[in-house]
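Source file: data_38.cif (mmCIF, C-alpha atoms)
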```cif
data_protein
loop_
_atom_site.label_atom_id
_atom_site.label_comp_id
_atom_site.auth_asym_id
_atom_site.auth_seq_id
_atom_site.Cartn_x
_atom_site.Cartn_y
_atom_site.Cartn_z
CA MET J 1 148.77 -25.30 7.72
CA THR J 2 145.13 -24.67 6.91
CA GLU J 3 144.08 -23.65 3.42
CA LEU J 4 142.92 -20.16 4.45
CA LYS J 5 146.08 -19.41 6.43
CA ALA J 6 148.22 -20.55 3.48
CA ARG J 7 146.18 -18.27 1.20
CA LEU J 8 146.78 -15.34 3.54
CA ARG J 9 150.54 -15.97 3.48
CA THR J 10 150.61 -16.31 -0.31
CA ASP J 11 148.61 -13.12 -0.76
CA LEU J 12 150.90 -11.31 1.70
CA THR J 13 153.91 -12.26 -0.41
CA ALA J 14 152.16 -11.03 -3.56
CA ALA J 15 151.16 -7.76 -1.86
CA MET J 16 154.73 -7.19 -0.69
CA LYS J 17 156.06 -7.77 -4.20
CA SER J 18 153.54 -5.35 -5.69
CA LYS J 19 154.32 -2.79 -2.96
CA ASP J 20 150.66 -2.51 -1.91
CA ALA J 21 151.14 -0.98 1.55
CA LEU J 22 147.50 -1.16 2.68
CA ARG J 23 147.05 -4.81 1.70
CA THR J 24 150.46 -5.76 3.13
CA GLY J 25 149.69 -4.12 6.46
CA THR J 26 146.22 -5.62 6.66
CA LEU J 27 147.40 -9.15 5.83
CA ARG J 28 150.24 -8.88 8.35
CA MET J 29 147.72 -7.80 10.98
CA LEU J 30 145.44 -10.74 10.09
CA LEU J 31 148.27 -13.27 10.27
CA ALA J 32 149.35 -11.81 13.62
CA ALA J 33 145.79 -12.15 14.94
CA VAL J 34 145.65 -15.77 13.76
CA GLN J 35 149.01 -16.52 15.35
CA THR J 36 147.91 -14.88 18.61
CA ALA J 37 144.79 -17.07 18.63
CA GLU J 38 146.92 -20.15 17.97
CA VAL J 39 149.17 -19.56 20.98
CA SER J 40 146.45 -18.41 23.37
CA GLY J 41 145.13 -20.98 25.77
CA PRO J 42 146.93 -23.70 27.69
CA GLU J 43 149.05 -24.84 24.74
CA ALA J 44 149.76 -23.76 21.17
CA ARG J 45 147.77 -25.44 18.40
CA GLU J 46 146.96 -25.07 14.72
CA LEU J 47 143.61 -23.39 14.05
CA SER J 48 141.09 -24.96 11.69
CA ASP J 49 139.70 -22.97 8.76
CA ALA J 50 136.49 -22.35 10.74
CA GLU J 51 138.50 -20.94 13.64
CA VAL J 52 140.55 -18.76 11.27
CA ILE J 53 137.29 -17.45 9.78
CA ALA J 54 136.09 -16.62 13.32
CA VAL J 55 139.30 -14.63 13.94
CA LEU J 56 138.89 -12.81 10.61
CA SER J 57 135.25 -12.04 11.40
CA LYS J 58 136.27 -10.56 14.73
CA GLU J 59 138.90 -8.39 13.03
CA ALA J 60 136.38 -7.20 10.41
CA LYS J 61 133.96 -6.28 13.18
CA LYS J 62 136.71 -4.30 14.94
CA ARG J 63 137.39 -2.35 11.73
CA ASN J 64 133.69 -1.60 11.27
CA GLU J 65 133.31 -0.35 14.84
CA ALA J 66 136.47 1.77 14.58
CA ALA J 67 135.22 3.32 11.32
CA LEU J 68 131.94 4.27 12.97
CA VAL J 69 133.76 5.92 15.87
CA PHE J 70 136.06 7.83 13.51
CA GLU J 71 133.08 9.01 11.44
CA GLN J 72 131.30 10.25 14.57
CA ALA J 73 134.46 12.11 15.59
CA GLY J 74 134.71 13.76 12.16
CA ARG J 75 137.86 11.88 11.15
CA GLY J 76 136.83 10.80 7.64
CA GLU J 77 140.36 9.89 6.47
CA LEU J 78 140.82 7.43 9.35
CA ALA J 79 137.35 5.99 8.82
CA ALA J 80 138.13 5.48 5.12
CA ASN J 81 141.30 3.60 6.04
CA GLU J 82 139.37 1.32 8.41
CA ARG J 83 136.74 0.67 5.72
CA ALA J 84 139.47 -0.19 3.20
CA GLU J 85 140.99 -2.69 5.65
CA GLU J 86 137.52 -4.16 6.28
CA GLU J 87 137.02 -4.66 2.52
CA ILE J 88 140.31 -6.56 2.31
CA ILE J 89 139.30 -8.78 5.23
CA ASP J 90 135.89 -9.42 3.64
CA GLU J 91 137.64 -11.00 0.64
CA TYR J 92 138.67 -13.90 2.90
CA LEU J 93 135.32 -14.36 4.64
CA PRO J 94 132.51 -16.55 3.27
CA THR J 95 129.62 -14.69 1.67
CA PRO J 96 127.21 -13.50 4.37
CA LEU J 97 123.74 -14.99 4.55
CA THR J 98 120.77 -13.10 3.16
CA ASP J 99 117.91 -12.04 5.43
CA ALA J 100 115.79 -14.92 4.11
CA GLU J 101 118.54 -17.42 4.89
CA VAL J 102 118.95 -15.99 8.41
CA ALA J 103 115.18 -16.30 8.91
CA HIS J 104 115.29 -19.92 7.70
CA ILE J 105 118.14 -20.71 10.12
CA ALA J 106 116.17 -19.14 12.99
CA ASP J 107 113.11 -21.25 12.08
CA THR J 108 115.23 -24.41 11.83
CA ALA J 109 116.87 -23.74 15.20
CA ILE J 110 113.48 -23.15 16.84
CA ALA J 111 112.16 -26.38 15.31
CA GLU J 112 115.18 -28.35 16.61
CA ILE J 113 114.76 -26.99 20.14
CA ALA J 114 110.99 -27.58 20.01
CA GLU J 115 111.69 -31.21 19.08
CA GLU J 116 114.07 -31.58 22.06
CA LEU J 117 111.70 -29.90 24.53
CA GLY J 118 108.48 -31.37 23.19
CA GLU J 119 106.94 -27.87 23.01
CA ARG J 120 107.56 -24.60 21.20
CA PRO J 121 110.39 -22.69 22.91
CA GLY J 122 109.75 -19.26 24.39
CA MET J 123 111.99 -16.36 25.29
CA ARG J 124 113.31 -18.35 28.27
CA GLN J 125 114.90 -20.84 25.85
CA MET J 126 116.42 -18.16 23.63
CA GLY J 127 119.95 -19.14 24.71
CA GLN J 128 119.42 -22.71 23.52
CA VAL J 129 117.92 -21.51 20.24
CA MET J 130 120.79 -19.05 19.68
CA LYS J 131 123.37 -21.78 20.32
CA THR J 132 121.74 -23.96 17.67
CA ALA J 133 121.29 -21.04 15.24
CA THR J 134 124.94 -20.02 15.62
CA ARG J 135 126.04 -23.57 14.86
CA LEU J 136 123.80 -23.68 11.77
CA ALA J 137 125.03 -20.28 10.51
CA GLU J 138 128.66 -21.48 10.58
CA GLY J 139 130.06 -17.96 10.98
CA ARG J 140 128.28 -16.60 7.92
CA ALA J 141 125.91 -14.36 9.88
CA ASP J 142 126.49 -11.76 12.56
CA GLY J 143 125.20 -12.66 16.01
CA SER J 144 123.05 -9.55 16.18
CA ARG J 145 121.25 -10.49 12.94
CA LEU J 146 120.64 -14.02 14.22
CA SER J 147 119.44 -12.70 17.57
CA ALA J 148 116.99 -10.30 15.93
CA ALA J 149 115.59 -13.08 13.72
CA VAL J 150 115.20 -15.46 16.66
CA LYS J 151 113.56 -12.79 18.86
CA ALA J 152 111.09 -11.96 16.09
CA ARG J 153 110.05 -15.62 15.91
CA LEU J 154 109.89 -16.33 19.63
#
```
Reformat the file's structure so that it appears as C-alpha cells.
Amino acid sequence: MTELKARLRTDLTAAMKSKDALRTGTLRMLLAAVQTAEVSGPEARELSDAEVIAVLSKEAKKRNEAALVFEQAGRGELAANERAEEEIIDEYLPTPLTDAEVAHIADTAIAEIAEELGERPGMRQMGQVMKTATRLAEGRADGSRLSAAVKARL
C-alpha cells in the first residue's frame, strides 16, 4: 500500500473515532475514488503515490466546480459543504506552485522542446510543450494555469 493511501486510511479511522462526520465522509469518498481508479482498466493494480495524487486532484477540482455551480444557483449551504470537502482534500495534496514557479516550468518546457526541434517552438508545438510542462509540474499545478503560462510565452 502506498504511503498516501495508508495515511488516508489512518486518518479515516481517527475521524471515525472522533465522530467527525464531514471528514469521515470525505475520506471515505476519497478512498472509494482511489479504489475505483485501481480496478479500472484491463486489470486491477496498486496505484503509486503520484497516481493517488492525480485522483485526489481530480476530486478537489470536482468539489470546486460543484461549489461554483451551487453559488450561482443561490445554494450557499451546499457550496459551503463542497468548499469544506475541498479543504480536507487539499490537506493531502502537495503545495501548489506559485505563479513564478509555473512561469519557470513553462520556460523550461519551451527550452527543452526548442532543443529537440532546433528552433523556438510556436503555437503549433503547444501540445508538445504542454506535455513536457505537465511532466515537470508533477501534479502541483492546474492544467489551465500551465496552459496560460505556455500560451503567454509562445
List every residue of segment 13-124 of chain J that has an atom at most 10 Å from any atom of segment 2-6 of chain J, giving for each one its closest atom pair and the distance in Å to one decimal, counting all atoms listed in the file, sorted by chain and then by ascending residue number, as a tab-separated table.
```
residue	atom	partner	partner_atom	distance
J:Leu30	CA	J:Lys5	CA	9.4
J:Leu31	CA	J:Lys5	CA	7.6
J:Val34	CA	J:Lys5	CA	8.2
J:Gln35	CA	J:Lys5	CA	9.8
J:Glu46	CA	J:Thr2	CA	8.0
J:Leu47	CA	J:Thr2	CA	7.4
J:Ser48	CA	J:Thr2	CA	6.3
J:Asp49	CA	J:Thr2	CA	6.0
J:Ala50	CA	J:Leu4	CA	9.3
J:Val52	CA	J:Leu4	CA	7.4
J:Ile53	CA	J:Leu4	CA	8.2
J:Tyr92	CA	J:Leu4	CA	7.7
J:Leu93	CA	J:Leu4	CA	9.6
```
Closest of J:Ala114, J:Ile89, J:Ala79, J:Ala84 to Leu8 of chain J - atom-to-atom distances counting all atoms listed in the file: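 Nearest candidate to Leu8 of chain J out of J:Ala114, J:Ile89, J:Ala79, J:Ala84: J:Ile89.
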Explicit residue set for the PyMOL selection byres ((chain J and resi 103) around 12), as a list in words: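 Those residues are Leu97, Thr98, Asp99, Ala100, Glu101, Val102, His104, Ile105, Ala106, Asp107, Thr108, Ala109, Ile110, Ala133, Leu136, Ala137, Ala141, Arg145, Leu146, Ser147, Ala148, Ala149, Val150, Lys151, Ala152, Arg153 and Leu154 of chain J.
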Export C-alpha atoms of the chosen residues as a short mmCIF file (atom, residue, chain, number, x, y, z; two decimals), keeping the file's coordinate frame?
```cif
data_model
loop_
_atom_site.label_atom_id
_atom_site.label_comp_id
_atom_site.auth_asym_id
_atom_site.auth_seq_id
_atom_site.Cartn_x
_atom_site.Cartn_y
_atom_site.Cartn_z
CA LEU J 97 123.74 -14.99 4.55
CA THR J 98 120.77 -13.10 3.16
CA ASP J 99 117.91 -12.04 5.43
CA ALA J 100 115.79 -14.92 4.11
CA GLU J 101 118.54 -17.42 4.89
CA VAL J 102 118.95 -15.99 8.41
CA HIS J 104 115.29 -19.92 7.70
CA ILE J 105 118.14 -20.71 10.12
CA ALA J 106 116.17 -19.14 12.99
CA ASP J 107 113.11 -21.25 12.08
CA THR J 108 115.23 -24.41 11.83
CA ALA J 109 116.87 -23.74 15.20
CA ILE J 110 113.48 -23.15 16.84
CA ALA J 133 121.29 -21.04 15.24
CA LEU J 136 123.80 -23.68 11.77
CA ALA J 137 125.03 -20.28 10.51
CA ALA J 141 125.91 -14.36 9.88
CA ARG J 145 121.25 -10.49 12.94
CA LEU J 146 120.64 -14.02 14.22
CA SER J 147 119.44 -12.70 17.57
CA ALA J 148 116.99 -10.30 15.93
CA ALA J 149 115.59 -13.08 13.72
CA VAL J 150 115.20 -15.46 16.66
CA LYS J 151 113.56 -12.79 18.86
CA ALA J 152 111.09 -11.96 16.09
CA ARG J 153 110.05 -15.62 15.91
CA LEU J 154 109.89 -16.33 19.63
#
```
Residues near Asn81 of chain J, cut-off 12 Å, only C-alpha atoms, skip fewer than 2 positions along chain, as a compact mmCIF listing (two decimals) with C-alpha atoms, keeping the file's coordinate frame:
```txt
# COMPACT_ATOMS: atom_id res chain seq x y z
CA ALA J 21 151.14 -0.98 1.55
CA LEU J 22 147.50 -1.16 2.68
CA ARG J 23 147.05 -4.81 1.70
CA GLY J 25 149.69 -4.12 6.46
CA THR J 26 146.22 -5.62 6.66
CA ARG J 63 137.39 -2.35 11.73
CA ASN J 64 133.69 -1.60 11.27
CA ALA J 66 136.47 1.77 14.58
CA ALA J 67 135.22 3.32 11.32
CA LEU J 68 131.94 4.27 12.97
CA PHE J 70 136.06 7.83 13.51
CA GLU J 71 133.08 9.01 11.44
CA ARG J 75 137.86 11.88 11.15
CA GLY J 76 136.83 10.80 7.64
CA GLU J 77 140.36 9.89 6.47
CA LEU J 78 140.82 7.43 9.35
CA ALA J 79 137.35 5.99 8.82
CA ARG J 83 136.74 0.67 5.72
CA ALA J 84 139.47 -0.19 3.20
CA GLU J 85 140.99 -2.69 5.65
CA GLU J 86 137.52 -4.16 6.28
CA GLU J 87 137.02 -4.66 2.52
CA ILE J 88 140.31 -6.56 2.31
```
Point-to-point distance from atom CA of Ile113 of chain J to atom CA of Gln128 of chain J, Å rounded to tenths: 7.2 Å
Gap from atom CA of Gly143 of chain J to atom CA of Met130 of chain J - Å, one decimal: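 Separating atom CA of Gly143 of chain J from atom CA of Met130 of chain J is a distance of 8.6 Å.
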Length of the atom CA of Ala33 of chain J to atom CA of Glu51 of chain J vector [Å]: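 Between atom CA of Ala33 of chain J and atom CA of Glu51 of chain J the gap is 11.5 Å.
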Pick from J:Gly74, J:Pro42, J:Pro121, J:Pro96, whichever lies nearest to Glu138 of chain J using all atoms listed in the file: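 Among J:Gly74, J:Pro42, J:Pro121, J:Pro96, it is J:Pro96 that comes nearest to Glu138 of chain J.
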J:Glu43, J:Glu38, J:Asp11, J:Glu119 ranked by distance to Val55 of chain J, top pick (using only C-alpha atoms):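 Result for the nearest residue to Val55 of chain J: J:Glu38.
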